[in-house]
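Take a look at the structure below.
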Amino acid sequence: MSELTLLLLRIGFLVLMWFFVFAVVYSLRADLFGVKVRKMPEPQAAPVPAAAPAGPGDATMPVQSLTSPPAAAGAATTQTVSRIVITSGPKTGLELPLGTEPLTIGRSSESGLVIRDDYTSSHHARLVLWGDQWMIQDLDSTNGTWHAGVRVSAPTPVTVGAPIKVGATTFELRK
């Protein structure tokens, strides 16, 4: 083997080792400090989403403007919702009063509702008051957030009494 080939192999191996070291450091940093959570825009500044044609296998759900949510029957509003009740999971029976501030749900001690199980992300989901409508937003969690048996992929209006599943915990909004 020529010396040039051997030198190139050594340099390649050294670059590969440093790439591995940086990948490990990046992974540890993400685990220790978390990832940046995106904030929802204010209701006045929210753009009106354009209607996209539903592809095969997509759930057909009408696209609504988040600036003025409809007052649908059973939709959770500030006048009708006063608490969140955990119906199954480690904290079954726990009731939390809801104000007007967003409620973050996750394993992190910074969350408003702390759920400690292996299936919940540190910042898993967020309940937000959008105008007079409560919305559930998944914060890019690994196992997803479920509302009434449907996975939440975008901010979704919450229906009073419909189950919301985060990890191994199920809760619902009540009057």
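Every chain in the structure tokens takes a letter, A first, then B, and so on in the order presented; its residues are numbered from 1, and the ligands are numbered from 1 following the presented order.
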
Close residues, Leu129 (chain A) itself excluded, 7 Å, only C-alpha atoms, min 4 positions apart in chain, as a PyMOL selection string: chain A and resi 100+102+133-135

Residues from the last selection, C-alpha atoms, saved as a compact mmCIF listing (two decimals), in the first residue's frame:
# COMPACT_ATOMS: atom_id res chain seq x y z
CA THR A 100 -56.75 32.10 30.20
CA PRO A 102 -51.74 28.36 27.89
CA GLN A 133 -62.00 28.51 21.73
CA TRP A 134 -59.69 26.05 23.49
CA MET A 135 -57.21 24.47 21.08

Shortest interatomic distance to Thr120 (chain A) - which of A:Leu4, A:Thr156, A:Ile11, A:Thr170, counting only C-alpha atoms: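 When distances to Thr120 (chain A) are compared using only C-alpha atoms, the smallest one comes from A:Thr170.
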
Selected residue of minimal separation from Asp31 (chain A) among A:Gly99, A:Leu139, A:Arg116, A:Ser121, counting only C-alpha atoms: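 That would be A:Ser121, the residue with the smallest distance to Asp31 (chain A).
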
Contacts of region 146-149 of chain A at 9 Å (only C-alpha atoms; same-chain gap of 6+ positions) as JSON, numbers by chain: {"A": [136, 138, 156, 158, 159, 162, 163, 164, 165, 166]}

Between CA of Ala23 (chain A) and CA of Ser141 (chain A), distance in Å (one decimal):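 So the answer is 21.3 Å.
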
Who sits within 9 Å of His124 (chain A), only C-alpha atoms, same chain under 6 positions skipped, as a PyMOL selection string: chain A and resi 104-107+137-145+166-167

Skip Ser88 (chain A) itself and residues of its chain fewer than 4 positions away, then list as an mmCIF file with N, CA and C atoms, in the first residue's frame all residues within 8 Å of it, counting only C-alpha atoms.
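Now in selection_16.cif:
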data_model
loop_
_atom_site.group_PDB
_atom_site.id
_atom_site.type_symbol
_atom_site.label_atom_id
_atom_site.label_comp_id
_atom_site.auth_asym_id
_atom_site.auth_seq_id
_atom_site.Cartn_x
_atom_site.Cartn_y
_atom_site.Cartn_z
ATOM 1 N N THR A 92 -55.050 9.728 37.870
ATOM 2 C CA THR A 92 -56.496 9.650 37.656
ATOM 3 C C THR A 92 -57.246 10.393 38.757
ATOM 4 N N GLY A 93 -58.228 11.206 38.356
ATOM 5 C CA GLY A 93 -59.053 11.946 39.300
ATOM 6 C C GLY A 93 -58.569 13.361 39.563
ATOM 7 N N ALA A 168 -49.560 7.875 28.320
ATOM 8 C CA ALA A 168 -50.464 6.888 28.910
ATOM 9 C C ALA A 168 -51.580 7.556 29.707
ATOM 10 N N THR A 169 -51.715 8.863 29.612
ATOM 11 C CA THR A 169 -52.708 9.610 30.379
ATOM 12 C C THR A 169 -53.806 10.139 29.459
ATOM 13 N N THR A 170 -55.048 9.990 29.923
ATOM 14 C CA THR A 170 -56.199 10.519 29.198
ATOM 15 C C THR A 170 -56.881 11.536 30.080
ATOM 16 N N PHE A 171 -57.269 12.679 29.502
ATOM 17 C CA PHE A 171 -57.985 13.703 30.240
ATOM 18 C C PHE A 171 -59.019 14.330 29.344
#

Distance in Å - CA of Trp130 (chain A) versus CA of Ser111 (chain A):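 Calculated distance between CA of Trp130 (chain A) and CA of Ser111 (chain A) is 19.2 Å.
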
Computed interatomic separation between CA of Leu7 (chain A) and CA of Tyr26 (chain A) (Å): 28.7 Å
